[in-house]
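The data block below is protein12.txt; it holds compact mmCIF, C-alpha atoms.
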# COMPACT_ATOMS: atom_id res chain seq x y z
CA MET Y 286 33.48 -12.34 -42.80
CA THR Y 287 35.86 -15.01 -41.52
CA ILE Y 288 39.41 -15.34 -42.79
CA LEU Y 289 38.65 -18.52 -44.70
CA ASP Y 290 35.39 -17.66 -46.44
CA THR Y 291 34.53 -18.11 -50.09
CA ARG Y 292 36.31 -14.89 -51.02
CA THR Y 293 39.64 -15.94 -49.50
CA VAL Y 294 39.88 -19.74 -50.06
CA PRO Y 295 42.47 -20.14 -52.84
CA ASP Y 296 42.22 -22.35 -55.90
CA LYS Y 297 44.93 -24.82 -56.98
CA THR Y 298 46.83 -22.29 -59.10
CA THR Y 299 47.31 -19.75 -56.34
CA THR Y 300 50.88 -19.45 -55.09
CA ARG Y 301 51.86 -19.60 -51.43
CA ALA Y 302 52.84 -15.91 -51.43
CA ALA Y 303 49.47 -14.94 -52.89
CA ILE Y 304 47.71 -16.97 -50.21
CA LYS Y 305 49.69 -15.20 -47.48
CA ASP Y 306 48.92 -11.79 -49.02
CA ARG Y 307 45.25 -12.62 -49.21
CA LEU Y 308 45.14 -13.76 -45.57
CA ARG Y 309 47.05 -10.67 -44.41
CA SER Y 310 44.70 -8.44 -46.39
CA ALA Y 311 41.64 -10.12 -44.85
CA HIS Y 312 43.15 -9.79 -41.38
CA ARG Y 313 43.93 -6.10 -41.89
CA ALA Y 314 40.43 -5.43 -43.20
CA LYS Y 315 38.94 -7.14 -40.17
CA THR Y 316 41.18 -5.20 -37.81
CA ARG Y 317 40.18 -1.90 -39.47
CA ARG Y 318 36.51 -2.79 -39.18
CA THR Y 319 36.97 -3.72 -35.52
CA ALA Y 320 38.78 -0.46 -34.78
CA LEU Y 321 36.10 1.57 -36.58
CA THR Y 322 33.32 -0.26 -34.71
CA VAL Y 323 34.98 0.20 -31.32
CA THR Y 324 35.65 3.89 -32.00
CA THR Y 325 32.04 4.46 -33.09
CA LEU Y 326 30.66 2.66 -30.04
CA ALA Y 327 32.97 4.61 -27.74
CA ALA Y 328 31.72 7.88 -29.23
CA VAL Y 329 28.10 6.72 -28.82
CA LEU Y 330 28.75 5.84 -25.18
CA VAL Y 331 30.30 9.25 -24.48
CA GLY Y 332 27.32 10.97 -26.10
CA LEU Y 333 24.86 8.87 -24.08
CA LEU Y 334 26.76 9.59 -20.86
CA VAL Y 335 26.62 13.33 -21.52
CA ALA Y 336 22.92 13.13 -22.41
CA SER Y 337 22.14 11.12 -19.29
CA VAL Y 338 23.92 13.63 -17.01
CA LEU Y 339 22.57 16.73 -18.77
CA LEU Y 340 18.94 15.64 -19.19
CA GLY Y 341 18.64 13.38 -16.17
CA GLY Y 342 14.85 13.17 -15.87
CA VAL Y 343 13.28 15.26 -13.11
CA GLY Y 344 15.02 18.30 -11.60
CA ARG Y 345 16.76 21.16 -13.36
CA VAL Y 346 20.32 22.36 -12.72
CA ASP Y 347 22.05 25.45 -14.11
CA PRO Y 348 24.00 24.22 -17.19
CA SER Y 349 27.13 26.07 -15.99
CA ASP Y 350 27.12 23.91 -12.83
CA VAL Y 351 26.73 20.55 -14.56
CA LEU Y 352 30.36 19.90 -15.54
CA PRO Y 353 31.94 20.97 -12.18
CA ALA Y 354 29.23 19.09 -10.27
CA ALA Y 355 29.90 15.93 -12.32
CA PHE Y 356 33.40 15.88 -10.77
CA GLY Y 357 32.16 16.69 -7.26
CA LEU Y 358 33.20 20.37 -7.37
CA ARG Y 359 29.84 21.88 -6.40
CA THR Y 360 27.72 21.79 -3.26
CA GLY Y 361 24.02 22.00 -2.51
CA LEU Y 362 21.42 21.13 -5.13
CA ALA Y 363 23.89 20.81 -8.02
CA ASP Y 364 26.00 18.33 -6.05
CA TYR Y 365 22.95 16.31 -5.03
CA MET Y 366 21.32 16.20 -8.47
CA ILE Y 367 24.45 15.62 -10.53
CA PHE Y 368 27.12 13.95 -8.41
CA GLN Y 369 24.88 11.95 -6.10
CA ILE Y 370 22.10 10.91 -8.51
CA ARG Y 371 22.73 11.38 -12.24
CA VAL Y 372 26.40 10.40 -12.52
CA PRO Y 373 26.07 7.18 -10.44
CA ARG Y 374 22.92 6.27 -12.37
CA ALA Y 375 24.63 6.77 -15.75
CA LEU Y 376 27.74 4.84 -14.71
CA ALA Y 377 25.64 2.02 -13.23
CA ALA Y 378 23.73 1.71 -16.50
CA LEU Y 379 26.96 1.66 -18.51
CA LEU Y 380 28.78 -0.87 -16.30
CA SER Y 381 25.82 -3.19 -15.73
CA GLY Y 382 25.13 -3.21 -19.46
CA ALA Y 383 28.76 -4.16 -20.12
CA LEU Y 384 28.50 -7.06 -17.65
CA PHE Y 385 25.20 -8.29 -19.12
CA GLY Y 386 26.63 -8.13 -22.64
CA LEU Y 387 29.80 -9.93 -21.59
CA SER Y 388 27.93 -12.71 -19.78
CA GLY Y 389 25.64 -13.33 -22.73
CA ALA Y 390 28.48 -13.49 -25.26
CA ILE Y 391 30.45 -15.95 -23.10
CA TYR Y 392 27.49 -18.33 -22.76
CA GLN Y 393 26.54 -18.03 -26.42
CA ARG Y 394 30.08 -18.82 -27.52
CA LEU Y 395 30.46 -21.65 -25.02
CA ILE Y 396 27.16 -23.36 -25.87
CA ARG Y 397 27.27 -22.25 -29.53
CA ASN Y 398 23.68 -21.11 -29.43
CA PRO Y 399 22.52 -17.46 -29.55
CA LEU Y 400 19.53 -18.33 -27.35
CA ALA Y 401 21.72 -19.64 -24.50
CA THR Y 402 22.16 -16.62 -22.24
CA PRO Y 403 22.11 -16.30 -18.44
CA ASP Y 404 18.62 -14.86 -18.38
CA ILE Y 405 17.25 -17.62 -20.65
CA ILE Y 406 18.80 -20.57 -18.79
CA GLY Y 407 17.83 -19.30 -15.35
CA ILE Y 408 20.82 -17.51 -13.83
CA SER Y 409 18.90 -14.23 -13.57
CA ALA Y 410 15.82 -16.08 -12.29
CA GLY Y 411 17.94 -17.56 -9.49
CA ALA Y 412 19.15 -14.08 -8.62
CA GLY Y 413 15.57 -12.82 -8.59
CA ALA Y 414 14.45 -15.63 -6.29
CA GLY Y 415 17.28 -14.94 -3.86
CA ALA Y 416 16.73 -11.18 -3.79
CA THR Y 417 12.95 -11.48 -3.45
CA THR Y 418 13.39 -13.80 -0.47
CA VAL Y 419 15.45 -11.13 1.29
CA PHE Y 420 13.05 -8.32 0.30
CA LEU Y 421 10.24 -10.19 2.04
CA PHE Y 422 11.85 -11.91 5.01
CA ALA Y 423 14.90 -9.74 5.87
CA PRO Y 424 14.37 -6.27 4.35
CA ALA Y 425 16.57 -4.56 6.96
CA LEU Y 426 19.60 -6.77 6.22
CA ALA Y 427 22.49 -4.61 5.01
CA PHE Y 428 23.54 -5.57 1.45
CA GLY Y 429 21.04 -8.44 1.80
CA ALA Y 430 19.43 -8.32 -1.61
CA PRO Y 431 22.65 -8.00 -3.70
CA VAL Y 432 24.36 -10.80 -1.76
CA ALA Y 433 21.25 -12.98 -1.97
CA ALA Y 434 21.04 -12.35 -5.72
CA ILE Y 435 24.64 -13.50 -6.22
CA LEU Y 436 24.14 -16.55 -3.99
CA GLY Y 437 20.91 -17.41 -5.81
CA SER Y 438 22.67 -17.27 -9.17
CA PHE Y 439 25.52 -19.54 -8.14
CA VAL Y 440 23.31 -22.03 -6.31
CA LEU Y 441 21.16 -22.36 -9.41
CA LEU Y 442 24.24 -22.67 -11.65
CA ALA Y 443 25.58 -25.46 -9.39
CA ILE Y 444 22.26 -27.33 -9.64
CA ILE Y 445 22.07 -26.91 -13.43
CA HIS Y 446 25.71 -27.96 -13.82
CA ALA Y 447 25.26 -31.05 -11.64
CA LEU Y 448 22.12 -32.15 -13.49
CA SER Y 449 23.80 -31.56 -16.87
CA LEU Y 450 26.70 -33.92 -16.22
CA ARG Y 451 26.75 -36.90 -18.51
CA ARG Y 452 29.52 -39.43 -19.00
CA GLY Y 453 31.92 -37.33 -17.00
CA GLY Y 454 31.27 -34.06 -18.87
CA VAL Y 455 28.67 -31.37 -19.29
CA ASP Y 456 26.12 -31.93 -22.03
CA THR Y 457 25.38 -28.39 -23.25
CA TYR Y 458 22.06 -29.45 -24.77
CA ARG Y 459 20.91 -30.81 -21.40
CA LEU Y 460 22.32 -27.72 -19.69
CA VAL Y 461 20.12 -25.39 -21.74
CA LEU Y 462 16.96 -27.46 -21.27
CA ILE Y 463 17.54 -28.00 -17.55
CA GLY Y 464 18.33 -24.32 -17.18
CA ILE Y 465 15.01 -23.35 -18.80
CA GLY Y 466 13.20 -25.74 -16.46
CA MET Y 467 15.00 -24.44 -13.35
CA SER Y 468 14.26 -20.89 -14.50
CA ALA Y 469 10.55 -21.73 -14.56
CA ILE Y 470 10.77 -23.15 -11.03
CA CYS Y 471 12.52 -20.01 -9.73
CA ILE Y 472 9.99 -17.73 -11.42
CA ALA Y 473 7.12 -19.74 -9.90
CA TYR Y 474 8.76 -19.48 -6.45
CA THR Y 475 9.26 -15.72 -6.89
CA ASN Y 476 5.65 -15.25 -8.01
CA TYR Y 477 4.42 -17.15 -4.96
CA LEU Y 478 6.44 -14.88 -2.68
CA LEU Y 479 4.96 -11.82 -4.39
CA THR Y 480 1.44 -13.06 -3.77
CA VAL Y 481 2.01 -13.23 0.01
CA ALA Y 482 4.09 -10.03 0.29
CA ASP Y 483 2.85 -6.88 2.00
CA LYS Y 484 2.26 -3.77 -0.10
CA HIS Y 485 5.61 -2.09 0.61
CA SER Y 486 7.73 -5.21 0.04
CA LEU Y 487 5.77 -5.99 -3.10
CA ALA Y 488 6.48 -2.54 -4.58
CA VAL Y 489 10.21 -2.77 -3.80
CA ALA Y 490 10.51 -6.31 -5.13
CA MET Y 491 8.56 -5.58 -8.32
CA ARG Y 492 10.69 -2.56 -9.16
CA TRP Y 493 13.88 -4.57 -8.65
CA LEU Y 494 12.59 -7.55 -10.66
CA ILE Y 495 11.72 -5.36 -13.66
CA GLY Y 496 15.24 -3.93 -13.57
CA SER Y 497 16.03 -0.31 -12.83
CA VAL Y 498 19.15 1.79 -12.29
CA SER Y 499 17.26 4.59 -10.54
CA ALA Y 500 18.47 3.52 -7.09
CA ALA Y 501 22.14 3.21 -8.05
CA ASP Y 502 24.70 4.91 -5.77
CA TRP Y 503 28.48 5.21 -5.65
CA ASP Y 504 28.84 1.99 -3.62
CA GLY Y 505 27.01 0.11 -6.34
CA VAL Y 506 29.09 1.78 -9.05
CA THR Y 507 32.27 0.72 -7.25
CA VAL Y 508 31.10 -2.91 -7.14
CA LEU Y 509 30.18 -2.81 -10.82
CA ALA Y 510 33.48 -1.16 -11.83
CA VAL Y 511 35.59 -3.74 -9.99
CA GLY Y 512 33.44 -6.55 -11.38
CA THR Y 513 33.66 -5.23 -14.94
CA VAL Y 514 37.46 -4.98 -14.83
CA ALA Y 515 37.87 -8.43 -13.25
CA CYS Y 516 35.40 -10.16 -15.57
CA GLY Y 517 36.86 -8.37 -18.60
CA ILE Y 518 40.37 -9.60 -17.82
CA CYS Y 519 39.14 -13.15 -17.27
CA ALA Y 520 37.19 -13.03 -20.54
CA VAL Y 521 40.30 -11.97 -22.46
CA LEU Y 522 42.29 -14.83 -20.91
CA LEU Y 523 39.53 -17.32 -21.72
CA ASN Y 524 38.77 -16.14 -25.26
CA ARG Y 525 41.41 -18.23 -27.01
CA SER Y 526 40.25 -21.43 -25.33
CA LEU Y 527 36.64 -20.65 -26.19
CA GLY Y 528 37.74 -20.16 -29.79
CA SER Y 529 39.30 -23.63 -29.80
CA MET Y 530 36.12 -25.13 -28.37
CA SER Y 531 34.09 -23.57 -31.16
CA LEU Y 532 35.79 -26.14 -33.43
CA GLY Y 533 34.37 -29.01 -31.36
CA ASP Y 534 35.48 -30.74 -28.17
CA GLU Y 535 37.70 -33.34 -29.85
CA LEU Y 536 39.59 -30.86 -32.00
CA ALA Y 537 39.91 -28.45 -29.06
CA THR Y 538 41.43 -31.23 -26.97
CA GLY Y 539 43.82 -32.00 -29.82
CA LEU Y 540 44.89 -28.33 -29.86
CA GLY Y 541 45.77 -28.51 -26.16
CA THR Y 542 42.64 -26.99 -24.62
CA SER Y 543 41.32 -28.52 -21.42
CA VAL Y 544 37.64 -28.70 -22.38
CA PRO Y 545 36.14 -29.50 -18.93
CA ARG Y 546 38.22 -26.81 -17.21
CA THR Y 547 37.44 -24.19 -19.87
CA ARG Y 548 33.72 -25.02 -19.83
CA LEU Y 549 33.51 -24.75 -16.03
CA ALA Y 550 35.50 -21.49 -16.02
CA ALA Y 551 33.25 -19.99 -18.72
CA LEU Y 552 30.08 -21.04 -16.86
CA LEU Y 553 31.37 -19.47 -13.63
CA LEU Y 554 32.56 -16.30 -15.38
CA GLY Y 555 29.28 -15.76 -17.23
CA ALA Y 556 27.27 -16.37 -14.07
CA ALA Y 557 29.51 -14.04 -12.04
CA ALA Y 558 29.14 -11.21 -14.58
CA ALA Y 559 25.35 -11.59 -14.76
CA ALA Y 560 25.01 -11.97 -10.98
CA LEU Y 561 27.09 -8.86 -10.22
CA ALA Y 562 25.04 -6.71 -12.57
CA THR Y 563 21.76 -8.20 -11.37
CA SER Y 564 22.67 -7.69 -7.72
CA ILE Y 565 22.90 -3.90 -8.26
CA VAL Y 566 20.30 -3.04 -10.92
CA GLY Y 567 18.06 -6.10 -11.05
CA PRO Y 568 17.59 -8.55 -13.94
CA ILE Y 569 17.45 -6.13 -16.88
CA GLY Y 570 16.13 -8.46 -19.53
CA PHE Y 571 17.29 -9.32 -23.04
CA VAL Y 572 20.53 -7.27 -22.95
CA SER Y 573 22.68 -10.40 -22.77
CA LEU Y 574 20.60 -11.97 -25.55
CA ILE Y 575 20.90 -9.05 -27.96
CA SER Y 576 24.49 -7.92 -27.48
CA GLY Y 577 26.33 -11.07 -28.59
CA PRO Y 578 24.62 -11.63 -31.97
CA ILE Y 579 24.99 -7.93 -32.85
CA ALA Y 580 28.69 -8.09 -32.03
CA VAL Y 581 29.14 -11.23 -34.14
CA ARG Y 582 27.54 -9.51 -37.12
CA LEU Y 583 29.82 -6.49 -36.73
CA VAL Y 584 33.25 -8.07 -36.15
CA GLY Y 585 32.89 -11.87 -36.24
CA ALA Y 586 32.67 -14.48 -33.51
CA ASP Y 587 36.33 -14.49 -32.50
CA ARG Y 588 36.22 -10.79 -31.46
CA ALA Y 589 32.61 -10.59 -30.34
CA VAL Y 590 33.07 -11.16 -26.59
CA GLY Y 591 34.77 -7.83 -25.92
CA LEU Y 592 32.58 -5.87 -28.33
CA SER Y 593 29.41 -7.32 -26.82
CA ALA Y 594 30.32 -5.57 -23.55
CA LEU Y 595 30.34 -2.19 -25.34
CA ILE Y 596 27.07 -2.99 -27.12
CA GLY Y 597 25.43 -4.05 -23.84
CA ALA Y 598 26.60 -0.81 -22.22
CA ALA Y 599 25.15 1.24 -25.08
CA ILE Y 600 21.81 -0.62 -24.95
CA VAL Y 601 21.27 -0.17 -21.20
CA LEU Y 602 22.53 3.43 -21.13
CA GLY Y 603 20.43 4.38 -24.16
CA ALA Y 604 17.37 2.67 -22.71
CA ASP Y 605 17.88 4.52 -19.43
CA VAL Y 606 18.08 7.91 -21.17
CA LEU Y 607 14.79 7.09 -22.91
CA ALA Y 608 13.28 5.77 -19.68
CA GLN Y 609 13.96 9.12 -18.01
CA ASN Y 610 13.10 11.53 -20.82
CA ALA Y 611 10.93 9.96 -23.54
CA PRO Y 612 7.60 11.80 -23.96
CA LEU Y 613 4.43 10.04 -22.80
CA ILE Y 614 6.13 6.98 -21.26
CA SER Y 615 8.76 8.33 -18.85
CA PRO Y 616 9.57 7.70 -16.12
CA VAL Y 617 9.59 3.92 -16.48
CA PRO Y 618 12.04 1.25 -15.25
CA THR Y 619 14.92 0.73 -17.66
CA GLY Y 620 14.21 -3.00 -17.86
CA ALA Y 621 10.76 -2.31 -19.29
CA LEU Y 622 12.29 -0.64 -22.36
CA THR Y 623 14.97 -3.30 -22.90
CA ALA Y 624 12.24 -5.94 -22.74
CA LEU Y 625 10.18 -3.97 -25.24
CA LEU Y 626 13.12 -3.98 -27.66
CA GLY Y 627 14.46 -7.43 -26.82
CA ALA Y 628 11.30 -9.52 -26.91
CA PRO Y 629 10.70 -9.06 -30.68
CA TYR Y 630 14.37 -9.82 -31.31
CA PHE Y 631 14.06 -13.01 -29.24
CA VAL Y 632 11.08 -14.13 -31.33
CA TRP Y 633 13.02 -13.33 -34.50
CA LEU Y 634 15.96 -15.44 -33.29
CA ILE Y 635 13.68 -18.41 -32.59
CA LEU Y 636 11.99 -18.15 -35.98
CA ARG Y 637 15.34 -17.79 -37.71
CA ARG Y 638 16.75 -20.91 -36.06
CA ARG Y 639 13.66 -23.10 -36.49
CA PRO Y 640 14.80 -24.85 -39.69
CA GLU Y 641 18.05 -25.92 -38.00
CA ALA Y 642 16.11 -27.55 -35.10
CA THR Y 643 19.15 -27.43 -32.84
CA LEU Y 644 17.30 -26.44 -29.68
As structure tokens, what does this structure read like?
Amino acid sequence: MTILDTRTVPDKTTTRAAIKDRLRSAHRAKTRRTALTVTTLAAVLVGLLVASVLLGGVGRVDPSDVLPAAFGLRTGLADYMIFQIRVPRALAALLSGALFGLSGAIYQRLIRNPLATPDIIGISAGAGAGATTVFLFAPALAFGAPVAAILGSFVLLAIIHALSLRRGGVDTYRLVLIGIGMSAICIAYTNYLLTVADKHSLAVAMRWLIGSVSAADWDGVTVLAVGTVACGICAVLLNRSLGSMSLGDELATGLGTSVPRTRLAALLLGAAAAALATSIVGPIGFVSLISGPIAVRLVGADRAVGLSALIGAAIVLGADVLAQNAPLISPVPTGALTALLGAPYFVWLILRRRPEATL
């Protein structure tokens, strides 16, 4: 519900005080719903974190050692299984999911299209092309794949941005279509590399391309934590300008928003969030696509960017718990489960938007 929907728009006989009361009431109701949603999601995340550390796939640890080992207070097997493997994996899933959710919500709000996410318009495909190149041609390069993934994302964003310029500004419609085309080119390039790769490089590259948090360590968690905090702060600062742009470029300019600067900042921020997450855990698909629309349905578009980060974290962490422990299918890469859930949702989004013919 927005503040000015059919339930709150006053008729001619309504007094100014009644209008103010109605607006305040709608605002308070929305704030309560936001607080309830955030609290519920926080509780879900805590439960998933505990489940991930306790269950943790293969290997069994004495339950009395789990809590001390989670804080690095045990040695031997408990330290290795809990502090060196399970806790970093759970935190990597949580933080990467938050970054994927944040990146998707920023792009969807900027382009005003729920299908316009970094993995749909090619940012993740650019990261995959860069990382696969390093896997095959420089596998011994320290931090090679993560750095190559980030560089691949930004190079592709620069190409898409340059080709989308029209009459001095970015045409978002062209940006989406060019992004889909560039994504296809990057996927074709990556597939070609996989066909000429040796068996070992092919296995490593395929696991990374599907998306998995199984190889996460504390160095990766540190990168994700710093990236999540930095991107979260930037998203908060940018949210008001994105809200103005949702009214249209002309009205946003009239309200004092620099449209070209805000658009470029949002493109860079969304790409940075997606690239950071992809560089550590691979391109876990459909998380950025799902998180934003769910957040909009729960709290509305103006508060969806922050909530989408929590939803993305819950999706990836929940998928990882299932990937490690679900009967019959585990262990599987986390990205395989998110794709299994996200692909039907993607089809539903396309079918739902078909009558509008906006894409």
Next item on the list: Quote the spacing between CA of Gly591 (chain Y) and CA of Ala520 (chain Y) in Å to one decimal place.
Entry: 7.9 Å
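CA of Ala383 (chain Y) is positioned 17.0 Å from CA of Leu622 (chain Y).
For the choices Y:Asp605, Y:Asp350, Y:Asp404, Y:Asp456, the atom-to-atom distance to Tyr365 (chain Y) is smallest for Y:Asp350 when using only C-alpha atoms.
Distance check against Gly577 (chain Y) using only C-alpha atoms: of Y:Ser497, Y:Thr324, Y:Ser388, Y:Ser531, the minimum falls on Y:Ser388.
One finds CA of Ala354 (chain Y) at 24.4 Å from CA of Ala611 (chain Y).
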Next item on the list: Considering all atoms listed in the file, return as a ChimeraX atom specification whatever protein or nucleic-acid residues lie within 12 Å of Leu334 (chain Y), sequence-local ones (same chain, fewer than 2 positions apart) excluded.
Entry: /Y:327-332,336-341,355,371-380,598-599,601-606
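Using all atoms listed in the file, the shortest contact distance between Leu460 (chain Y) and any of Y:Tyr477, Y:Tyr630, Y:Tyr392, Y:Phe356 is found at Y:Tyr392.
Closest to Val455 (chain Y) among Y:Ala434, Y:Val544, Y:Leu554, Y:Leu522 is Y:Val544, based on all atoms listed in the file.
Counting all atoms listed in the file, the residue from Y:Val346, Y:Val419, Y:Ala594, Y:Arg452 that sits nearest to Val514 (chain Y) is Y:Ala594.
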Please determine an axis-aligned box that encloses all atoms of region 432-443 of chain Y listed in the file, with 5 Å added on each side, and express its centre and edge lengths in Å to one decimal as AutoDock Vina command-line options.
--center_x 23.2 --center_y -18.1 --center_z -6.7 --size_x 14.7 --size_y 24.7 --size_z 19.9
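Closest approach to Ile396 (chain Y) among Y:Ala412, Y:Ala551, Y:Ile367, Y:Leu625 is made by Y:Ala551 (distances from all atoms listed in the file).
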Starting from the block above, write region 618-629 of chain Y out to a file with N, CA, C and O atoms, as an mmCIF file, in the first residue's frame, please.
data_model
loop_
_atom_site.group_PDB
_atom_site.id
_atom_site.type_symbol
_atom_site.label_atom_id
_atom_site.label_comp_id
_atom_site.auth_asym_id
_atom_site.auth_seq_id
_atom_site.Cartn_x
_atom_site.Cartn_y
_atom_site.Cartn_z
ATOM 1 N N PRO Y 618 25.707 -27.819 -5.427
ATOM 2 C CA PRO Y 618 26.041 -26.398 -5.328
ATOM 3 C C PRO Y 618 24.816 -25.552 -4.971
ATOM 4 O O PRO Y 618 23.704 -25.844 -5.432
ATOM 5 N N THR Y 619 25.031 -24.539 -4.171
ATOM 6 C CA THR Y 619 23.919 -23.682 -3.731
ATOM 7 C C THR Y 619 23.193 -23.046 -4.909
ATOM 8 O O THR Y 619 21.968 -22.917 -4.907
ATOM 9 N N GLY Y 620 23.971 -22.645 -5.929
ATOM 10 C CA GLY Y 620 23.365 -22.002 -7.089
ATOM 11 C C GLY Y 620 22.386 -22.887 -7.834
ATOM 12 O O GLY Y 620 21.462 -22.387 -8.490
ATOM 13 N N ALA Y 621 22.569 -24.212 -7.744
ATOM 14 C CA ALA Y 621 21.630 -25.112 -8.420
ATOM 15 C C ALA Y 621 20.238 -25.015 -7.797
ATOM 16 O O ALA Y 621 19.219 -25.055 -8.502
ATOM 17 N N LEU Y 622 20.179 -24.867 -6.472
ATOM 18 C CA LEU Y 622 18.881 -24.765 -5.799
ATOM 19 C C LEU Y 622 18.231 -23.403 -6.029
ATOM 20 O O LEU Y 622 17.013 -23.321 -6.210
ATOM 21 N N THR Y 623 19.030 -22.326 -5.992
ATOM 22 C CA THR Y 623 18.426 -21.008 -6.257
ATOM 23 C C THR Y 623 17.894 -20.931 -7.684
ATOM 24 O O THR Y 623 16.867 -20.307 -7.933
ATOM 25 N N ALA Y 624 18.596 -21.579 -8.624
ATOM 26 C CA ALA Y 624 18.097 -21.608 -10.002
ATOM 27 C C ALA Y 624 16.812 -22.414 -10.097
ATOM 28 O O ALA Y 624 15.879 -22.056 -10.830
ATOM 29 N N LEU Y 625 16.741 -23.495 -9.332
ATOM 30 C CA LEU Y 625 15.544 -24.337 -9.337
ATOM 31 C C LEU Y 625 14.334 -23.559 -8.833
ATOM 32 O O LEU Y 625 13.209 -23.714 -9.322
ATOM 33 N N LEU Y 626 14.563 -22.693 -7.835
ATOM 34 C CA LEU Y 626 13.461 -21.883 -7.307
ATOM 35 C C LEU Y 626 13.216 -20.639 -8.155
ATOM 36 O O LEU Y 626 12.072 -20.213 -8.327
ATOM 37 N N GLY Y 627 14.304 -20.059 -8.675
ATOM 38 C CA GLY Y 627 14.185 -18.775 -9.354
ATOM 39 C C GLY Y 627 13.678 -18.863 -10.774
ATOM 40 O O GLY Y 627 12.990 -17.944 -11.244
ATOM 41 N N ALA Y 628 14.006 -19.935 -11.479
ATOM 42 C CA ALA Y 628 13.601 -20.039 -12.882
ATOM 43 C C ALA Y 628 12.074 -19.989 -13.053
ATOM 44 O O ALA Y 628 11.567 -19.247 -13.905
ATOM 45 N N PRO Y 629 11.296 -20.762 -12.266
ATOM 46 C CA PRO Y 629 9.831 -20.635 -12.409
ATOM 47 C C PRO Y 629 9.325 -19.229 -12.085
ATOM 48 O O PRO Y 629 8.387 -18.738 -12.723
#
